[in-house]
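*Asks:* Right, I'll just put the structure down here and ask away after.
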Amino acid sequence: MSNLVSIVFVAVAYLAFAGLSTALAYAPTDAWTVWLASGWTLGLIVTQLRHRWAIPLIGAAIGAAAFALILPAGRWSDALGYAAIEVIAAASGAFAAMWLCAPPLRLDSVRELFAFIVGALVQAVVGAALAAAWNVVSGGNEGIRTFNVWSLAGFVGAILVAPLVMTWSAFRPKRSGGLTMPQFGGGAVAFLLFLLSLYIIFSGDTERRFGGSIGTGLTYVPVLFMSVIALTWGARGASFAAFIGALIALFNTIRDTGPFAAVDAFVGEAELEVQVYVAIVALMGLLIAALEGRERKALTEAREWRTRFEGAIDAHRLLAYEWDPVGGAFAVSGDTVAYLGVLPAKLATLADWLSHVSPTERDATATAFALRADGAPGPALTYRMTRPDGNAVTLLDEAQAIRDHDGSLYRVTGIVRIKDAA
């Protein structure tokens, strides 16, 4: 029963995207100049493992067939043909994407984004080739034009719709770990400015309102706001903003307003031109989000590694340090307050560290560190440190030199074991 509900949901959503496409497009051949429904199919497939493809493909086939029958003079042969094209094209695109990157694809990395773009391109080309061949075989004479319109509209539709499915399907509300309030607020402001700038640019006679080619140049303004959205809201925000922005641009373009309205070398060209524009904006936002996501993931992994490392050394009564013999910087990890009675910030240089060594052992310890600065490994050091409360702590200090690619000394790292407190 649940599978039946899922199939019906996919089919109904497919029909909704198809209906939205018809409100935005013109169909000069067997292809629509705007086609968003195929992006819905591709997005559903690439977020699942292969054995679960049946439900979205069946739902998409039913939706495509139903749409063909709804059209004036719709025939069962047309319905079956459109359903077959939808299934074959979507499956081909998904296979191409998953050949490059293992599923599920969430656009969390540049590799996943590249795999998705390849998949969307393959889906569009395969569908266009089948539609063009059908046009020719059925006695039509617009095979080339059908291929061109279908491939462009299908690719752009996938770029606009599939990322919505791919990024939002894994969304789960959570109490913590999401966006901070400054991130959310900054993204919200950029989102509103993005939509407002698109509306201003596309809602009137651009040439008359701004004069000359200024209106066309202003189409770069939304790109700036899209960059901010991608940096603050990530791929989810970028995909949502791109889709809403595309609707604003397309709805105004079909009303003969905006910078692309005057492009009319053939019927429907304006819709195709504006789609190229919104696709570029969308892809740029997704690329920025993927790059930012990679940096954020690296920072998260580094933070988690540091947490594990500090937990491990605290559990074994250890301290760790990293010393730059050239610059003099000295960084200590571990609970220095508990063991030495000193804040880590007060141990910022080797001189700070040595100042807490017992006066009778300070010179010998400084000499040993000088040998380490020369690159000599040397034996483990045993010396005492005096806490602010006057108690002495015995330390066992083992160090290792880290050399650069050219053999020069880069850092000295050490592990200090707290032996006892006298």
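Chain lettering (A, B, ...) mirrors the order of the structure tokens, residue numbering begins at 1 for each chain separately, and ligand numbering begins at 1 in order of display.
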Please provide the set of residues having any atom within 8 Å of A:Ala290, restricted to only C-alpha atoms, with same-chain residues fewer than 3 positions apart removed, written as JSON, numbers by chain.

*Replies:* {"A": [107, 108, 109, 110, 113, 234, 235, 286, 287, 293, 294]}

*Asks:* I need the residues from that last selection saved to file as a CSV table (one decimal), in the first residue's frame (with N, CA and C atoms), if you can.

*Replies:*
chain,number,residue,atom,x,y,z
A,107,LEU,N,24.7,16.6,-3.4
A,107,LEU,CA,25.4,17.8,-3.8
A,107,LEU,C,26.2,18.4,-2.6
A,108,ASP,N,26.8,17.5,-1.8
A,108,ASP,CA,27.6,18.0,-0.7
A,108,ASP,C,29.0,18.2,-1.1
A,109,SER,N,29.4,17.8,-2.3
A,109,SER,CA,30.8,18.0,-2.7
A,109,SER,C,30.8,18.4,-4.2
A,110,VAL,N,32.0,18.9,-4.6
A,110,VAL,CA,32.1,19.2,-6.1
A,110,VAL,C,32.0,18.0,-6.9
A,113,LEU,N,28.3,17.3,-7.4
A,113,LEU,CA,27.8,18.3,-8.3
A,113,LEU,C,28.1,18.0,-9.8
A,234,GLY,N,23.8,27.3,2.1
A,234,GLY,CA,24.3,26.1,1.5
A,234,GLY,C,23.5,25.7,0.3
A,235,ALA,N,23.6,24.4,-0.1
A,235,ALA,CA,23.0,23.9,-1.3
A,235,ALA,C,21.4,24.0,-1.3
A,286,LEU,N,25.2,26.5,-6.7
A,286,LEU,CA,25.4,25.1,-6.2
A,286,LEU,C,26.9,24.9,-6.1
A,287,LEU,N,27.7,25.4,-7.0
A,287,LEU,CA,29.2,25.3,-7.0
A,287,LEU,C,29.7,26.0,-5.7
A,293,GLY,N,30.7,23.9,1.5
A,293,GLY,CA,30.4,22.7,2.2
A,293,GLY,C,31.7,21.8,2.5
A,294,ARG,N,32.6,21.8,1.5
A,294,ARG,CA,33.8,21.1,1.6
A,294,ARG,C,34.7,21.7,2.7

*Asks:* Mind pulling up the distance from atom CA of A:Ala61 to atom CA of A:Ile144?

*Replies:*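 Between atom CA of A:Ile144 and atom CA of A:Ala61 the gap is 24.8 Å.
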
*Asks:* As an MDAnalysis selection string, please: the residues near A:Arg403 (cut-off 9 Å, only C-alpha atoms, same-chain neighbours under 5 positions excluded).

*Replies:* chainID A and resid 375 408:412

*Asks:* List as a PyMOL selection string the protein and nucleic acid residues near stretch 44-53 of chain A, meaning an atom at most 7 Å away when only C-alpha atoms are counted, but skip any in the same chain fewer than 6 places from it.

*Replies:* chain A and resi 94+103-106+165-166

*Asks:* A:Ala37, A:Tyr199, A:Gly127, A:Ala241: which is nearest A:Thr253, counting only C-alpha atoms?

*Replies:*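 With only C-alpha atoms as the atom set, the closest residue is A:Tyr199.
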
*Asks:* Pick the closest to A:Ala23 from A:Ala338, A:Ala131, A:Leu250, A:Ala68: which is it, counting only C-alpha atoms?

*Replies:* A:Leu250

*Asks:* Residues at most 9 Å from A:Phe240, counting only C-alpha atoms, excluding those fewer than 2 positions away in the same chain, as a CSV table (one decimal) with C-alpha atoms, in the first residue's frame?

*Replies:*
chain,number,residue,atom,x,y,z
A,160,LEU,CA,16.4,23.8,-11.5
A,161,VAL,CA,14.2,21.0,-10.0
A,163,PRO,CA,18.7,19.9,-6.7
A,164,LEU,CA,15.5,20.7,-4.8
A,235,ALA,CA,23.0,23.9,-1.3
A,236,ARG,CA,19.4,23.8,0.1
A,237,GLY,CA,19.1,27.5,0.1
A,238,ALA,CA,20.8,27.9,-3.3
A,242,ALA,CA,17.3,29.4,-7.9
A,243,PHE,CA,13.9,27.7,-8.4
A,244,ILE,CA,11.8,30.7,-7.1
A,245,GLY,CA,14.0,33.1,-9.0

*Asks:* How many Å lie between atom CA of A:Leu318 and atom CA of A:Trp353, rounded to one decimal?

*Replies:*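 Separation between atom CA of A:Leu318 and atom CA of A:Trp353: 15.6 Å.
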
*Asks:* I need the residue nearest A:Ala90 from this list: A:Gly19, A:Gly185, A:Gly157, A:Gly119. Use only C-alpha atoms for the distance.

*Replies:* A:Gly119

*Asks:* Nearest to A:Phe17 among A:Leu71, A:Ala64, A:Ala188, A:Leu4, with distances taken over only C-alpha atoms: which residue is it?

*Replies:*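 For A:Phe17, the nearest of the given residues is A:Ala64.
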
*Asks:* So that I can see what lies close to A:Ala16, please list as a list in words the residues with an atom at most 12 Å from it, counting only C-alpha atoms and leaving out residues fewer than 4 positions away in the same chain.

*Replies:*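 Near neighbours after the sequence-gap exclusion: Phe9, Val10, Ala11, Val12, Leu20, Ser21, Thr22, Ala23, Trp35, Leu36, Ala37, Ser38, Trp40, Ala60, Gly63, Ala64, Ala66 and Phe67 of chain A.
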
*Asks:* Among stretch 44-226 of chain A, which residues carry a DSSP assignment of alpha helix (DSSP H), reported as a PyMOL selection string?

*Replies:* chain A and resi 44-46+54-70+76-100+110-137+143-168+181-202+206-210+214-217+221-226

*Asks:* Let me see the file: selected residues, C-alpha atoms, as a CSV table (one decimal), in the first residue's frame.

*Replies:*
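For reference, out.csv as written:
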chain,number,residue,atom,x,y,z
A,44,LEU,CA,14.2,11.2,-7.0
A,45,ILE,CA,16.4,8.5,-8.6
A,46,VAL,CA,19.9,9.8,-7.8
A,54,ALA,CA,11.1,1.2,-9.6
A,55,ILE,CA,8.7,3.5,-7.7
A,56,PRO,CA,9.9,6.9,-9.0
A,57,LEU,CA,10.2,5.5,-12.6
A,58,ILE,CA,6.7,4.0,-12.5
A,59,GLY,CA,5.3,7.1,-11.1
A,60,ALA,CA,7.1,9.3,-13.7
A,61,ALA,CA,5.9,7.0,-16.5
A,62,ILE,CA,2.3,7.3,-15.3
A,63,GLY,CA,2.6,11.1,-15.0
A,64,ALA,CA,4.1,11.4,-18.4
A,65,ALA,CA,1.4,9.3,-20.0
A,66,ALA,CA,-1.4,11.1,-18.2
A,67,PHE,CA,0.0,14.5,-19.3
A,68,ALA,CA,0.2,13.3,-23.0
A,69,LEU,CA,-3.5,12.2,-22.8
A,70,ILE,CA,-4.6,15.5,-21.2
A,76,TRP,CA,-2.6,6.4,-26.3
A,77,SER,CA,0.4,5.9,-28.7
A,78,ASP,CA,1.6,9.4,-27.7
A,79,ALA,CA,1.1,8.6,-24.0
A,80,LEU,CA,3.1,5.3,-24.2
A,81,GLY,CA,5.8,7.0,-26.2
A,82,TYR,CA,6.3,9.9,-23.8
A,83,ALA,CA,6.3,7.5,-20.8
A,84,ALA,CA,9.0,5.4,-22.5
A,85,ILE,CA,11.1,8.4,-23.2
A,86,GLU,CA,10.8,9.7,-19.7
A,87,VAL,CA,11.8,6.3,-18.1
A,88,ILE,CA,14.7,5.7,-20.6
A,89,ALA,CA,16.1,9.2,-20.4
A,90,ALA,CA,15.9,9.4,-16.6
A,91,ALA,CA,17.5,6.0,-16.1
A,92,SER,CA,20.3,6.9,-18.5
A,93,GLY,CA,21.0,10.1,-16.6
A,94,ALA,CA,21.0,8.4,-13.3
A,95,PHE,CA,23.3,5.6,-14.5
A,96,ALA,CA,25.7,8.3,-15.8
A,97,ALA,CA,25.7,10.2,-12.6
A,98,MET,CA,26.2,7.1,-10.4
A,99,TRP,CA,29.0,5.9,-12.6
A,100,LEU,CA,30.9,8.9,-11.5
A,110,VAL,CA,32.1,19.2,-6.1
A,111,ARG,CA,32.4,15.7,-7.3
A,112,GLU,CA,28.7,15.0,-6.6
A,113,LEU,CA,27.8,18.3,-8.3
A,114,PHE,CA,29.8,17.3,-11.4
A,115,ALA,CA,28.2,13.8,-11.4
A,116,PHE,CA,24.8,15.4,-11.3
A,117,ILE,CA,25.5,17.8,-14.1
A,118,VAL,CA,26.7,14.9,-16.3
A,119,GLY,CA,23.6,12.9,-15.4
A,120,ALA,CA,21.3,15.9,-16.2
A,121,LEU,CA,23.1,16.3,-19.6
A,122,VAL,CA,22.8,12.7,-20.5
A,123,GLN,CA,19.2,12.6,-19.5
A,124,ALA,CA,18.5,15.7,-21.7
A,125,VAL,CA,20.4,14.4,-24.7
A,126,VAL,CA,18.9,10.9,-24.6
A,127,GLY,CA,15.4,12.2,-24.2
A,128,ALA,CA,16.0,14.7,-27.0
A,129,ALA,CA,17.4,12.1,-29.3
A,130,LEU,CA,14.4,9.8,-28.7
A,131,ALA,CA,11.9,12.6,-29.2
A,132,ALA,CA,13.7,13.8,-32.4
A,133,ALA,CA,13.7,10.3,-33.8
A,134,TRP,CA,10.0,9.9,-33.0
A,135,ASN,CA,9.3,13.1,-34.8
A,136,VAL,CA,11.1,11.9,-37.9
A,137,VAL,CA,9.7,8.4,-37.9
A,143,GLY,CA,13.7,16.5,-35.8
A,144,ILE,CA,16.7,18.9,-35.4
A,145,ARG,CA,14.6,21.6,-33.8
A,146,THR,CA,12.9,19.1,-31.5
A,147,PHE,CA,16.3,17.8,-30.4
A,148,ASN,CA,17.6,21.4,-29.7
A,149,VAL,CA,14.5,22.6,-27.8
A,150,TRP,CA,14.1,19.3,-25.8
A,151,SER,CA,17.7,19.0,-24.8
A,152,LEU,CA,18.0,22.6,-23.6
A,153,ALA,CA,14.7,22.7,-21.8
A,154,GLY,CA,15.3,19.3,-20.3
A,155,PHE,CA,18.8,20.1,-19.1
A,156,VAL,CA,17.7,23.4,-17.5
A,157,GLY,CA,14.7,21.9,-16.0
A,158,ALA,CA,16.9,19.2,-14.3
A,159,ILE,CA,19.3,21.9,-13.0
A,160,LEU,CA,16.4,23.8,-11.5
A,161,VAL,CA,14.2,21.0,-10.0
A,162,ALA,CA,16.5,18.0,-9.3
A,163,PRO,CA,18.7,19.9,-6.7
A,164,LEU,CA,15.5,20.7,-4.8
A,165,VAL,CA,14.8,17.0,-4.4
A,166,MET,CA,18.4,16.0,-3.8
A,167,THR,CA,19.1,18.6,-1.1
A,168,TRP,CA,15.8,18.7,0.7
A,181,MET,CA,21.0,33.0,13.7
A,182,PRO,CA,23.5,35.3,12.0
A,183,GLN,CA,23.8,32.7,9.1
A,184,PHE,CA,20.1,32.4,8.8
A,185,GLY,CA,19.5,36.1,9.0
A,186,GLY,CA,22.2,37.0,6.5
A,187,GLY,CA,20.9,34.3,4.1
A,188,ALA,CA,17.3,35.6,4.5
A,189,VAL,CA,18.3,39.2,3.6
A,190,ALA,CA,20.3,37.9,0.6
A,191,PHE,CA,17.3,35.7,-0.4
A,192,LEU,CA,14.9,38.7,-0.3
A,193,LEU,CA,17.3,40.9,-2.2
A,194,PHE,CA,17.9,38.2,-4.8
A,195,LEU,CA,14.1,37.9,-5.5
A,196,LEU,CA,13.6,41.7,-5.4
A,197,SER,CA,16.4,42.3,-7.8
A,198,LEU,CA,15.1,39.7,-10.2
A,199,TYR,CA,11.6,41.2,-10.0
A,200,ILE,CA,12.9,44.7,-10.7
A,201,ILE,CA,15.0,43.6,-13.7
A,202,PHE,CA,12.3,41.3,-15.3
A,206,THR,CA,14.2,47.0,-19.2
A,207,GLU,CA,15.5,49.2,-22.0
A,208,ARG,CA,13.1,52.0,-21.2
A,209,ARG,CA,13.4,51.7,-17.5
A,210,PHE,CA,17.2,51.7,-17.2
A,214,ILE,CA,22.2,48.9,-18.6
A,215,GLY,CA,19.3,46.6,-17.9
A,216,THR,CA,21.1,43.7,-19.4
A,217,GLY,CA,24.2,44.5,-17.3
A,221,VAL,CA,23.3,41.8,-9.7
A,222,PRO,CA,21.3,38.7,-8.6
A,223,VAL,CA,24.4,36.6,-9.0
A,224,LEU,CA,26.0,38.5,-6.1
A,225,PHE,CA,23.0,37.8,-3.8
A,226,MET,CA,23.0,34.1,-5.0

*Asks:* Would you mind telling me which residue in A:Thr386, A:Ser2, A:Gln400, A:Ser203 lies nearest to A:Arg255 when using only C-alpha atoms?

*Replies:*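 Among the listed residues, A:Ser203 lies closest to A:Arg255.
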
*Asks:* So, with only C-alpha atoms as the atoms that count, which of A:Cys101, A:Asp363, A:Glu273, A:Leu371 lies closest to A:Gly258?

*Replies:*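 Looking at the shortest contact to A:Gly258, the residue is A:Glu273.
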
*Asks:* At what distance in Å, to one decimal, does atom CA of A:Arg303 lie from atom CA of A:Phe369?

*Replies:*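 These two atoms are separated by 29.5 Å.
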